[in-house]
file structure.cif (mmCIF, C-alpha atoms)
data_structure
loop_
_atom_site.label_atom_id
_atom_site.label_comp_id
_atom_site.auth_asym_id
_atom_site.auth_seq_id
_atom_site.Cartn_x
_atom_site.Cartn_y
_atom_site.Cartn_z
CA MET A 1 73.15 72.26 78.54
CA SER A 2 70.34 74.03 80.34
CA ILE A 3 67.76 73.75 83.09
CA GLU A 4 64.11 74.79 83.15
CA VAL A 5 62.92 76.94 86.04
CA GLY A 6 59.47 78.49 86.13
CA GLY A 7 59.13 78.31 82.36
CA LYS A 8 62.53 79.90 81.75
CA THR A 9 65.49 78.12 80.18
CA LEU A 10 68.79 78.83 81.93
CA GLU A 11 72.13 77.95 80.41
CA THR A 12 74.48 75.64 82.36
CA ASP A 13 77.88 74.16 81.60
CA GLU A 14 78.40 70.45 80.96
CA GLU A 15 78.60 69.77 84.71
CA GLY A 16 75.40 71.65 85.53
CA TYR A 17 76.88 74.89 86.87
CA LEU A 18 74.95 78.03 85.94
CA VAL A 19 76.69 79.98 83.19
CA ASN A 20 75.22 83.34 84.23
CA LEU A 21 75.47 84.05 87.93
CA ALA A 22 72.68 86.60 87.64
CA ASP A 23 70.23 83.83 86.67
CA TRP A 24 70.24 82.51 90.23
CA THR A 25 67.14 82.65 92.42
CA GLU A 26 66.02 80.48 95.33
CA ASP A 27 63.75 78.62 92.89
CA VAL A 28 66.75 77.92 90.68
CA ALA A 29 68.62 76.61 93.73
CA ASN A 30 65.74 74.25 94.51
CA VAL A 31 65.69 72.91 90.96
CA ILE A 32 69.45 72.27 90.94
CA ALA A 33 69.25 70.70 94.43
CA GLN A 34 66.49 68.37 93.30
CA ALA A 35 68.60 67.19 90.38
CA GLU A 36 71.40 66.54 92.88
CA ASN A 37 69.04 64.63 95.21
CA VAL A 38 69.56 67.20 97.94
CA GLU A 39 66.52 68.22 99.92
CA MET A 40 67.10 71.80 101.00
CA SER A 41 66.78 72.29 104.77
CA GLU A 42 67.53 75.39 106.81
CA ASN A 43 71.06 74.07 107.32
CA HIS A 44 71.54 73.67 103.58
CA TRP A 45 70.37 77.22 102.97
CA GLU A 46 72.74 78.49 105.63
CA VAL A 47 75.70 77.05 103.72
CA VAL A 48 74.39 78.12 100.31
CA ASN A 49 73.83 81.67 101.53
CA PHE A 50 77.24 81.69 103.17
CA LEU A 51 78.80 80.72 99.82
CA ARG A 52 76.91 83.45 98.00
CA ASP A 53 78.07 86.04 100.54
CA TYR A 54 81.63 84.75 100.22
CA TYR A 55 81.47 85.03 96.44
CA ASN A 56 80.04 88.54 96.57
CA GLU A 57 82.85 89.63 98.81
CA TYR A 58 85.81 87.88 97.15
CA GLN A 59 84.63 87.04 93.60
CA ILE A 60 85.66 83.38 93.93
CA ALA A 61 84.13 80.20 95.29
CA PRO A 62 86.27 79.04 98.23
CA ALA A 63 88.22 75.77 98.34
CA VAL A 64 86.76 73.18 100.75
CA ARG A 65 89.40 73.78 103.41
CA VAL A 66 88.82 77.52 103.26
CA LEU A 67 85.05 77.13 103.33
CA THR A 68 85.19 74.80 106.34
CA LYS A 69 87.41 77.18 108.28
CA ALA A 70 85.32 80.23 107.39
CA ILE A 71 82.06 78.52 108.33
CA GLY A 72 83.57 77.44 111.64
CA LYS A 73 84.51 81.03 112.32
CA LYS A 74 81.04 82.34 111.54
CA LEU A 75 78.69 79.52 112.60
CA GLY A 76 80.75 77.68 115.19
CA PRO A 77 82.82 74.46 115.30
CA ASP A 78 79.71 72.22 115.14
CA LYS A 79 79.26 73.37 111.56
CA GLY A 80 82.81 74.20 110.61
CA ASN A 81 83.92 70.64 109.97
CA SER A 82 83.90 68.48 106.89
CA LYS A 83 81.72 65.76 108.44
CA TYR A 84 78.83 68.18 108.91
CA LEU A 85 79.27 69.70 105.45
CA TYR A 86 79.54 66.33 103.68
CA GLU A 87 76.39 65.15 105.44
CA LEU A 88 74.55 68.11 103.95
CA PHE A 89 76.22 67.83 100.54
CA PRO A 90 77.41 64.24 100.01
CA TYR A 91 79.22 64.99 96.75
CA GLY A 92 81.33 67.63 98.42
CA PRO A 93 80.38 70.90 100.05
CA ALA A 94 82.32 73.00 97.60
CA LYS A 95 81.25 71.26 94.41
CA GLN A 96 77.64 70.47 95.22
CA ALA A 97 76.85 73.46 97.39
CA CYS A 98 78.50 75.85 94.93
CA LYS A 99 76.42 74.42 92.13
CA ILE A 100 73.22 74.93 94.11
CA ALA A 101 74.40 78.43 95.08
CA GLY A 102 74.80 79.27 91.39
CA LEU A 103 78.54 79.85 91.67
CA PRO A 104 81.31 78.65 89.38
CA LYS A 105 83.27 75.54 90.35
CA PRO A 106 85.80 76.46 93.04
CA THR A 107 89.27 77.34 91.80
CA GLY A 108 91.67 74.56 92.69
CA CYS A 109 88.90 72.00 92.99
CA VAL A 110 89.74 69.30 90.47
CA MET B 1 89.04 69.07 96.78
CA ASP B 2 92.09 69.79 98.85
CA LEU B 3 95.08 67.67 98.02
CA ASP B 4 97.32 66.24 100.66
CA GLU B 5 100.74 67.79 100.87
CA GLY B 6 103.38 66.24 98.64
CA ALA B 7 104.15 62.62 99.39
CA SER B 8 107.50 63.62 100.84
CA GLY B 9 105.84 66.15 103.17
CA VAL B 10 108.67 68.59 102.47
CA VAL B 11 107.63 72.22 102.63
CA LYS B 12 109.34 74.37 100.03
CA LYS B 13 109.47 78.12 99.72
CA PHE B 14 107.50 79.33 96.70
CA MET B 15 107.48 82.92 95.53
CA TYR B 16 105.09 84.18 92.89
CA VAL B 17 106.38 87.33 91.24
CA ASN B 18 103.66 89.59 89.83
CA ARG B 19 104.89 92.17 87.32
CA LYS B 20 101.91 92.90 85.07
CA ALA B 21 99.03 95.34 85.32
CA PRO B 22 95.57 93.76 85.56
CA TYR B 23 93.17 93.46 82.57
CA GLY B 24 95.53 94.53 79.75
CA THR B 25 96.93 91.01 79.68
CA ILE B 26 95.78 87.74 81.26
CA TYR B 27 98.96 87.30 83.37
CA ALA B 28 97.66 88.87 86.59
CA LEU B 29 94.47 86.80 86.72
CA GLU B 30 96.23 83.58 85.70
CA GLY B 31 98.89 84.16 88.32
CA LEU B 32 96.27 84.68 91.02
CA GLU B 33 94.50 81.47 90.04
CA VAL B 34 97.74 79.52 90.20
CA VAL B 35 98.37 80.92 93.67
CA LEU B 36 94.89 79.87 94.85
CA ILE B 37 95.34 76.36 93.45
CA SER B 38 98.81 76.02 94.92
CA ALA B 39 97.44 76.91 98.36
CA ALA B 40 96.06 73.35 98.56
CA PHE B 41 99.62 71.98 98.71
CA ASP B 42 100.52 73.58 102.06
CA GLN B 43 103.77 75.11 100.92
CA ASP B 44 105.46 78.26 102.20
CA VAL B 45 104.01 80.75 99.72
CA SER B 46 104.79 84.40 99.24
CA LEU B 47 103.72 86.90 96.60
CA ALA B 48 105.92 89.74 95.39
CA PHE B 49 104.43 92.69 93.53
CA LEU B 50 106.83 94.76 91.49
CA ASP B 51 106.87 96.93 88.37
CA ASP B 52 103.30 97.19 86.97
CA GLY B 53 102.27 94.31 89.24
CA VAL B 54 101.61 96.85 91.98
CA TYR B 55 98.66 98.11 89.91
CA GLN B 56 96.89 94.79 90.60
CA LEU B 57 96.35 95.89 94.20
CA VAL B 58 94.99 99.40 93.63
CA LYS B 59 91.70 100.14 95.40
CA GLY B 60 88.61 101.33 93.55
CA GLN B 61 88.75 99.14 90.42
CA GLN B 62 85.41 99.21 88.56
CA THR B 63 85.35 96.93 85.54
CA ARG B 64 81.71 97.15 84.48
CA GLY B 65 82.60 99.44 81.57
CA ILE B 66 85.09 97.00 80.04
CA GLU B 67 82.89 93.97 80.76
CA VAL B 68 85.48 91.81 82.45
CA LYS B 69 85.50 90.44 85.98
CA ASN B 70 87.00 92.67 88.64
CA PHE B 71 89.27 90.23 90.44
CA SER B 72 90.84 92.73 92.82
CA PRO B 73 88.59 91.63 95.76
CA THR B 74 90.07 88.13 95.45
CA TYR B 75 93.40 89.35 96.86
CA ARG B 76 91.53 89.88 100.13
CA ALA B 77 90.58 86.17 100.14
CA LEU B 78 94.25 85.11 100.22
CA GLU B 79 94.40 85.44 104.01
CA GLY B 80 91.71 82.74 104.29
CA TYR B 81 93.93 80.53 102.14
CA ASP B 82 96.76 81.10 104.68
CA ILE B 83 98.69 83.17 102.17
CA GLU B 84 99.77 86.14 104.19
CA LYS B 85 103.17 87.08 102.79
CA LEU B 86 102.43 89.84 100.32
CA TYR B 87 105.51 91.91 99.50
CA VAL B 88 105.29 95.14 97.54
CA GLU B 89 108.37 96.86 96.15
CA ARG B 90 108.62 100.45 97.34
CA GLU B 91 110.44 101.71 94.24
CA SER B 92 107.68 100.34 92.00
CA LEU B 93 104.97 102.04 94.07
CA GLU B 94 106.81 105.35 94.07
CA ALA B 95 107.48 105.33 90.33
CA ARG B 96 103.71 105.08 89.85
CA GLY B 97 102.77 107.69 92.46
CA LEU B 98 101.04 105.10 94.64
CA THR B 99 101.07 104.70 98.41
CA GLU B 100 100.47 101.72 100.69
CA GLY B 101 97.16 103.25 101.83
CA GLU B 102 95.82 103.03 98.27
CA LEU B 103 96.13 99.23 98.17
CA ILE B 104 93.18 96.90 98.64
CA VAL B 105 94.89 94.48 101.04
CA PRO B 106 97.46 94.69 103.87
CA VAL B 107 100.96 94.21 102.48
CA GLU B 108 104.58 94.62 103.53
CA VAL B 109 106.17 97.41 101.55
CA MET B 110 109.92 96.92 101.21
CA GLY B 111 112.83 98.22 99.18
CA ARG B 112 114.22 96.48 96.12
CA ASP B 113 117.20 95.15 98.10
CA GLU B 114 114.87 93.36 100.52
CA ILE B 115 112.79 91.94 97.64
CA VAL B 116 116.01 90.63 96.11
CA ARG B 117 117.08 89.09 99.41
CA ARG B 118 113.75 87.27 99.80
CA MET B 119 113.79 86.12 96.19
CA GLU B 120 117.21 84.56 96.80
CA GLU B 121 115.82 82.54 99.74
CA GLN B 122 113.25 80.69 97.65
CA ASP B 123 113.27 77.10 96.44
CA VAL B 124 110.94 77.97 93.56
CA VAL B 125 110.23 81.33 91.93
CA ILE B 126 107.36 81.60 89.44
CA ALA B 127 106.91 84.83 87.52
CA PHE B 128 103.79 86.23 85.91
CA MET C 1 96.46 111.48 62.67
CA LEU C 2 95.16 109.59 65.69
CA HIS C 3 97.75 107.58 67.60
CA ILE C 4 96.38 104.79 69.80
CA VAL C 5 98.54 103.39 72.59
CA ASN C 6 97.49 100.34 74.64
CA LYS C 7 100.72 99.48 76.47
CA SER C 8 101.75 100.57 79.96
CA PRO C 9 104.39 103.33 79.72
CA PHE C 10 106.31 101.59 82.51
CA GLU C 11 106.61 98.35 80.63
CA LYS C 12 107.17 99.44 77.03
CA THR C 13 108.68 102.46 75.33
CA THR C 14 105.61 102.73 73.09
CA LEU C 15 104.17 105.88 74.66
CA ALA C 16 107.49 107.74 74.61
CA SER C 17 108.04 106.83 70.97
CA CYS C 18 104.49 107.72 70.06
CA LEU C 19 104.73 111.13 71.74
CA ALA C 20 107.98 111.78 69.88
CA HIS C 21 106.25 110.98 66.60
CA ALA C 22 103.02 112.86 67.17
CA GLY C 23 103.05 115.77 64.75
CA PRO C 24 101.18 119.07 65.02
CA GLY C 25 97.44 118.52 65.04
CA ALA C 26 97.83 114.88 65.96
CA ALA C 27 95.88 113.29 68.78
CA VAL C 28 96.95 110.52 71.12
CA LEU C 29 94.37 108.15 72.60
CA LEU C 30 95.40 105.98 75.55
CA ILE C 31 93.46 102.73 76.02
CA GLU C 32 93.80 99.48 78.03
CA ASP C 33 97.09 99.48 80.00
CA GLY C 34 98.03 102.63 78.09
CA VAL C 35 95.74 104.65 80.39
CA TYR C 36 98.36 104.53 83.16
CA GLY C 37 100.16 107.12 81.02
CA ALA C 38 97.26 109.52 81.59
CA THR C 39 97.69 109.51 85.36
CA LYS C 40 99.59 111.90 87.59
CA GLY C 41 102.14 111.55 90.35
CA ASN C 42 104.30 109.10 88.46
CA ALA C 43 107.55 108.91 86.54
CA VAL C 44 106.03 109.54 83.09
CA GLU C 45 103.74 112.44 84.00
CA ASP C 46 106.21 115.11 82.86
CA ALA C 47 106.57 113.58 79.41
CA VAL C 48 102.80 113.52 78.93
CA ARG C 49 102.36 117.05 80.28
CA GLY C 50 105.09 118.20 77.91
CA ALA C 51 103.23 116.70 74.96
CA LEU C 52 99.93 118.33 75.93
CA GLY C 53 101.04 121.70 74.49
CA ARG C 54 101.49 120.17 71.03
CA THR C 55 99.10 117.25 70.96
CA ALA C 56 95.62 116.50 72.25
CA VAL C 57 95.74 113.54 74.64
CA TYR C 58 92.67 111.40 75.36
CA ALA C 59 92.15 108.43 77.66
CA LEU C 60 89.39 105.84 77.54
CA ALA C 61 87.23 106.25 80.66
CA PRO C 62 86.11 102.61 81.06
CA ASP C 63 89.76 101.52 81.08
CA LEU C 64 90.63 104.18 83.69
CA GLU C 65 87.72 103.05 85.87
CA ALA C 66 88.61 99.37 85.56
CA ARG C 67 92.09 100.12 86.88
CA GLY C 68 91.01 102.40 89.72
CA MET C 69 92.64 105.36 87.96
CA LYS C 70 89.72 107.64 87.11
CA ASP C 71 90.48 110.17 89.84
CA ARG C 72 94.15 110.47 88.91
CA VAL C 73 93.94 111.85 85.39
CA ILE C 74 96.38 114.65 84.47
CA GLU C 75 94.63 118.01 83.96
CA GLY C 76 94.31 118.64 80.26
CA VAL C 77 93.94 114.98 79.31
CA LYS C 78 90.38 114.46 78.12
CA THR C 79 88.50 111.28 78.91
CA VAL C 80 86.22 109.65 76.33
CA ASP C 81 83.82 106.71 76.37
CA TYR C 82 83.55 104.13 73.59
CA GLU C 83 81.42 106.47 71.47
CA GLY C 84 84.07 109.15 71.86
CA PHE C 85 86.65 106.60 70.73
CA VAL C 86 84.65 106.00 67.55
CA ASP C 87 84.25 109.75 67.01
CA LEU C 88 88.02 110.26 67.30
CA VAL C 89 88.69 107.56 64.73
CA ALA C 90 86.10 109.11 62.42
CA GLU C 91 87.46 112.65 62.86
CA HIS C 92 91.00 111.75 61.86
CA LYS C 93 91.98 110.87 58.34
CA THR C 94 94.30 108.15 59.57
CA SER C 95 94.84 106.29 62.80
CA GLN C 96 97.69 104.17 63.99
CA SER C 97 97.71 101.57 66.75
CA TRP C 98 101.13 101.44 68.38
CA LEU C 99 101.93 97.86 69.27
#
call {"tool": "encode", "arguments": {"input": "structure.cif", "output": "structure tokens"}}
result
Amino acid sequence: MSIEVGGKTLETDEEGYLVNLADWTEDVANVIAQAENVEMSENHWEVVNFLRDYYNEYQIAPAVRVLTKAIGKKLGPDKGNSKYLYELFPYGPAKQACKIAGLPKPTGCV
Amino acid sequence: MDLDEGASGVVKKFMYVNRKAPYGTIYALEGLEVVLISAAFDQDVSLAFLDDGVYQLVKGQQTRGIEVKNFSPTYRALEGYDIEKLYVERESLEARGLTEGELIVPVEVMGRDEIVRRMEEQDVVIAF
Amino acid sequence: MLHIVNKSPFEKTTLASCLAHAGPGAAVLLIEDGVYGATKGNAVEDAVRGALGRTAVYALAPDLEARGMKDRVIEGVKTVDYEGFVDLVAEHKTSQSWL
């Protein structure tokens, strides 16, 4: 499978996750978000950028519970809860947000 | 997605024993992935590093030249998964000329006798 | 002859056996987990140092770097990149991978 962004064809897996992490740009994120029916707001970007930072530091995408806790620590309890994150990413903060962030599917996320 | 703890709600003691060097075989990476997945089950998890397993934790790994993923930073994510019991066998470190300060993550270094004692306490021991 | 060892010397006896079988003029190349045998401060260092008088010992640099071992190489062990690996194979009439 693949997606088209700015005239370039980028390879994805069968679930729509980017195969090459280096292909990611903000434009790519917008294209994936559109396909997921997510309109990217500042709050969405905050989570997506948080995930990218997490991945750069630890080389994995975090499990939902870990993401929620880590976001709470960094951005406060208003944002570090699953209600807030599921409102932003209805199909799951880890799955949907990771996809938009260009990361692999979180380990342990069935 | 996180899974709820086992239907019984019983917390068991799990120890993952890591005995292989990274990269040469797939054991170290597979073991780490199993640990991350198992973290969703809210069990009492510990990791023991002995024999060549201590090499998994060495600082300064740079895998660009062999074109595989450097997974050593992932050990630092374990704390966020509430996995904080990392035991390293002193004899294994010493045989390889390594010291605690050369490891990428905070650990408890302990002698073989203490590793044995903790292994005996477990409900489940899984070796990689 | 070029002897190639890819197993950790702490896990297998491959390196010890290889060093015992390396004749005059032979070279030993350590790759993958075998590169731990090229490092100092450990229990196998003396055996490798002892072999250095008789045998040239090489270690593959990308494998040392991957394992965080590039600053620990025993003096006298030469590091090579992948091109150097190919050169070594080409220079020797025969090569043997110790499994």
call {"tool": "closest_residue", "arguments": {"input": "structure.cif", "among": "B:Ile37, B:Val68, B:Ala77, B:Leu57", "to": "A:Tyr55", "atoms": "only C-alpha atoms"}}
result
B:Ala77
call {"tool": "resolve_selection", "arguments": {"input": "structure.cif", "expression": "the PyMOL selection byres ((chain A and resi 38) around 12)", "output": "mmCIF file with C-alpha atoms, in the coordinates of the input"}}
result
data_model
loop_
_atom_site.group_PDB
_atom_site.id
_atom_site.type_symbol
_atom_site.label_atom_id
_atom_site.label_comp_id
_atom_site.auth_asym_id
_atom_site.auth_seq_id
_atom_site.Cartn_x
_atom_site.Cartn_y
_atom_site.Cartn_z
ATOM 1 C CA ALA A 29 68.620 76.610 93.730
ATOM 2 C CA ASN A 30 65.740 74.250 94.510
ATOM 3 C CA VAL A 31 65.690 72.910 90.960
ATOM 4 C CA ILE A 32 69.450 72.270 90.940
ATOM 5 C CA ALA A 33 69.250 70.700 94.430
ATOM 6 C CA GLN A 34 66.490 68.370 93.300
ATOM 7 C CA ALA A 35 68.600 67.190 90.380
ATOM 8 C CA GLU A 36 71.400 66.540 92.880
ATOM 9 C CA ASN A 37 69.040 64.630 95.210
ATOM 10 C CA GLU A 39 66.520 68.220 99.920
ATOM 11 C CA MET A 40 67.100 71.800 101.000
ATOM 12 C CA SER A 41 66.780 72.290 104.770
ATOM 13 C CA ASN A 43 71.060 74.070 107.320
ATOM 14 C CA HIS A 44 71.540 73.670 103.580
ATOM 15 C CA TRP A 45 70.370 77.220 102.970
ATOM 16 C CA TYR A 86 79.540 66.330 103.680
ATOM 17 C CA GLU A 87 76.390 65.150 105.440
ATOM 18 C CA LEU A 88 74.550 68.110 103.950
ATOM 19 C CA PHE A 89 76.220 67.830 100.540
ATOM 20 C CA PRO A 90 77.410 64.240 100.010
ATOM 21 C CA TYR A 91 79.220 64.990 96.750
ATOM 22 C CA GLY A 92 81.330 67.630 98.420
ATOM 23 C CA PRO A 93 80.380 70.900 100.050
ATOM 24 C CA GLN A 96 77.640 70.470 95.220
ATOM 25 C CA ALA A 97 76.850 73.460 97.390
ATOM 26 C CA LYS A 99 76.420 74.420 92.130
ATOM 27 C CA ILE A 100 73.220 74.930 94.110
#
call {"tool": "resolve_selection", "arguments": {"input": "structure.cif", "expression": "the PyMOL selection byres ((chain A) within 9 of (chain B))", "output": "PyMOL selection string"}}
result
chain A and resi 57-60+62-67+69-70+92+94-95+106-110
call {"tool": "resolve_selection", "arguments": {"input": "structure.cif", "expression": "the PyMOL selection byres ((chain B) within 9 of (chain C))", "output": "MDAnalysis selection string"}}
result
chainID B and resid 20:25 51:52 55:56 58:66 68 70 94:98
call {"tool": "write_last_selection", "arguments": {"input": "structure.cif", "atoms": "C-alpha atoms", "output": "PDB file, in the frame of the given file"}}
result
ATOM      1  CA  LYS B  20     101.910  92.900  85.070  1.00  0.00           C
ATOM      2  CA  ALA B  21      99.030  95.340  85.320  1.00  0.00           C
ATOM      3  CA  PRO B  22      95.570  93.760  85.560  1.00  0.00           C
ATOM      4  CA  TYR B  23      93.170  93.460  82.570  1.00  0.00           C
ATOM      5  CA  GLY B  24      95.530  94.530  79.750  1.00  0.00           C
ATOM      6  CA  THR B  25      96.930  91.010  79.680  1.00  0.00           C
ATOM      7  CA  ASP B  51     106.870  96.930  88.370  1.00  0.00           C
ATOM      8  CA  ASP B  52     103.300  97.190  86.970  1.00  0.00           C
ATOM      9  CA  TYR B  55      98.660  98.110  89.910  1.00  0.00           C
ATOM     10  CA  GLN B  56      96.890  94.790  90.600  1.00  0.00           C
ATOM     11  CA  VAL B  58      94.990  99.400  93.630  1.00  0.00           C
ATOM     12  CA  LYS B  59      91.700 100.140  95.400  1.00  0.00           C
ATOM     13  CA  GLY B  60      88.610 101.330  93.550  1.00  0.00           C
ATOM     14  CA  GLN B  61      88.750  99.140  90.420  1.00  0.00           C
ATOM     15  CA  GLN B  62      85.410  99.210  88.560  1.00  0.00           C
ATOM     16  CA  THR B  63      85.350  96.930  85.540  1.00  0.00           C
ATOM     17  CA  ARG B  64      81.710  97.150  84.480  1.00  0.00           C
ATOM     18  CA  GLY B  65      82.600  99.440  81.570  1.00  0.00           C
ATOM     19  CA  ILE B  66      85.090  97.000  80.040  1.00  0.00           C
ATOM     20  CA  VAL B  68      85.480  91.810  82.450  1.00  0.00           C
ATOM     21  CA  ASN B  70      87.000  92.670  88.640  1.00  0.00           C
ATOM     22  CA  GLU B  94     106.810 105.350  94.070  1.00  0.00           C
ATOM     23  CA  ALA B  95     107.480 105.330  90.330  1.00  0.00           C
ATOM     24  CA  ARG B  96     103.710 105.080  89.850  1.00  0.00           C
ATOM     25  CA  GLY B  97     102.770 107.690  92.460  1.00  0.00           C
ATOM     26  CA  LEU B  98     101.040 105.100  94.640  1.00  0.00           C
TER      27      LEU B  98
END
call {"tool": "atom_distance", "arguments": {"input": "structure.cif", "atom1": "atom CA of B:Arg19", "atom2": "atom CA of B:Leu50"}}
result
5.3 Å
call {"tool": "residues_around", "arguments": {"input": "structure.cif", "residues": "C:Cys18", "least_positions_apart": "3", "cutoff": "9 Å", "atoms": "only C-alpha atoms", "output": "short mmCIF file (atom, residue, chain, number, x, y, z; two decimals) with C-alpha atoms, in the coordinates of the input"}}
result
data_model
loop_
_atom_site.label_atom_id
_atom_site.label_comp_id
_atom_site.auth_asym_id
_atom_site.auth_seq_id
_atom_site.Cartn_x
_atom_site.Cartn_y
_atom_site.Cartn_z
CA HIS C 3 97.75 107.58 67.60
CA ILE C 4 96.38 104.79 69.80
CA VAL C 5 98.54 103.39 72.59
CA THR C 13 108.68 102.46 75.33
CA THR C 14 105.61 102.73 73.09
CA LEU C 15 104.17 105.88 74.66
CA HIS C 21 106.25 110.98 66.60
CA ALA C 22 103.02 112.86 67.17
CA VAL C 28 96.95 110.52 71.12
CA TRP C 98 101.13 101.44 68.38
#
call {"tool": "decode", "arguments": {"input": "structure.cif", "residues": "stretch 65-87 of chain A", "atoms": "N, CA and C atoms", "output": "short mmCIF file (atom, residue, chain, number, x, y, z; two decimals), in the first residue's frame"}}
result
data_model
loop_
_atom_site.label_atom_id
_atom_site.label_comp_id
_atom_site.auth_asym_id
_atom_site.auth_seq_id
_atom_site.Cartn_x
_atom_site.Cartn_y
_atom_site.Cartn_z
N ARG A 65 -1.39 3.48 28.05
CA ARG A 65 -1.27 3.82 29.47
C ARG A 65 0.00 4.66 29.73
N VAL A 66 1.07 4.27 29.04
CA VAL A 66 2.34 4.96 29.22
C VAL A 66 2.27 6.36 28.61
N LEU A 67 1.65 6.44 27.46
CA LEU A 67 1.49 7.74 26.79
C LEU A 67 0.68 8.69 27.67
N THR A 68 -0.45 8.20 28.19
CA THR A 68 -1.34 9.03 29.00
C THR A 68 -0.59 9.58 30.21
N LYS A 69 0.15 8.69 30.87
CA LYS A 69 0.89 9.10 32.06
C LYS A 69 1.97 10.13 31.70
N ALA A 70 2.67 9.87 30.61
CA ALA A 70 3.77 10.76 30.23
C ALA A 70 3.25 12.13 29.80
N ILE A 71 2.10 12.13 29.12
CA ILE A 71 1.53 13.42 28.70
C ILE A 71 1.06 14.20 29.92
N GLY A 72 0.46 13.49 30.87
CA GLY A 72 0.04 14.14 32.11
C GLY A 72 1.20 14.81 32.82
N LYS A 73 2.32 14.12 32.82
CA LYS A 73 3.52 14.63 33.48
C LYS A 73 4.00 15.90 32.79
N LYS A 74 3.95 15.90 31.44
CA LYS A 74 4.52 17.02 30.70
C LYS A 74 3.52 18.15 30.48
N LEU A 75 2.25 17.80 30.17
CA LEU A 75 1.28 18.83 29.77
C LEU A 75 0.18 19.05 30.80
N GLY A 76 0.24 18.31 31.90
CA GLY A 76 -0.75 18.52 32.96
C GLY A 76 -1.89 17.52 32.91
N PRO A 77 -2.60 17.37 34.05
CA PRO A 77 -3.65 16.36 34.18
C PRO A 77 -4.84 16.58 33.23
N ASP A 78 -5.07 17.85 32.82
CA ASP A 78 -6.18 18.10 31.88
C ASP A 78 -6.00 17.33 30.59
N LYS A 79 -4.73 17.11 30.23
CA LYS A 79 -4.44 16.43 28.97
C LYS A 79 -3.97 14.99 29.17
N GLY A 80 -3.52 14.70 30.36
CA GLY A 80 -3.01 13.36 30.63
C GLY A 80 -4.10 12.41 31.07
N ASN A 81 -5.18 12.33 30.31
CA ASN A 81 -6.23 11.36 30.63
C ASN A 81 -6.81 10.82 29.34
N SER A 82 -7.37 9.62 29.41
CA SER A 82 -7.75 8.97 28.15
C SER A 82 -8.95 9.66 27.51
N LYS A 83 -9.82 10.31 28.31
CA LYS A 83 -10.96 11.00 27.72
C LYS A 83 -10.49 12.07 26.74
N TYR A 84 -9.57 12.90 27.19
CA TYR A 84 -9.04 13.97 26.35
C TYR A 84 -8.41 13.40 25.08
N LEU A 85 -7.59 12.35 25.26
CA LEU A 85 -6.86 11.79 24.12
C LEU A 85 -7.79 11.08 23.13
N TYR A 86 -8.81 10.42 23.65
CA TYR A 86 -9.77 9.75 22.75
C TYR A 86 -10.67 10.76 22.03
N GLU A 87 -10.89 11.92 22.65
CA GLU A 87 -11.63 12.96 21.94
C GLU A 87 -10.85 13.45 20.73
#
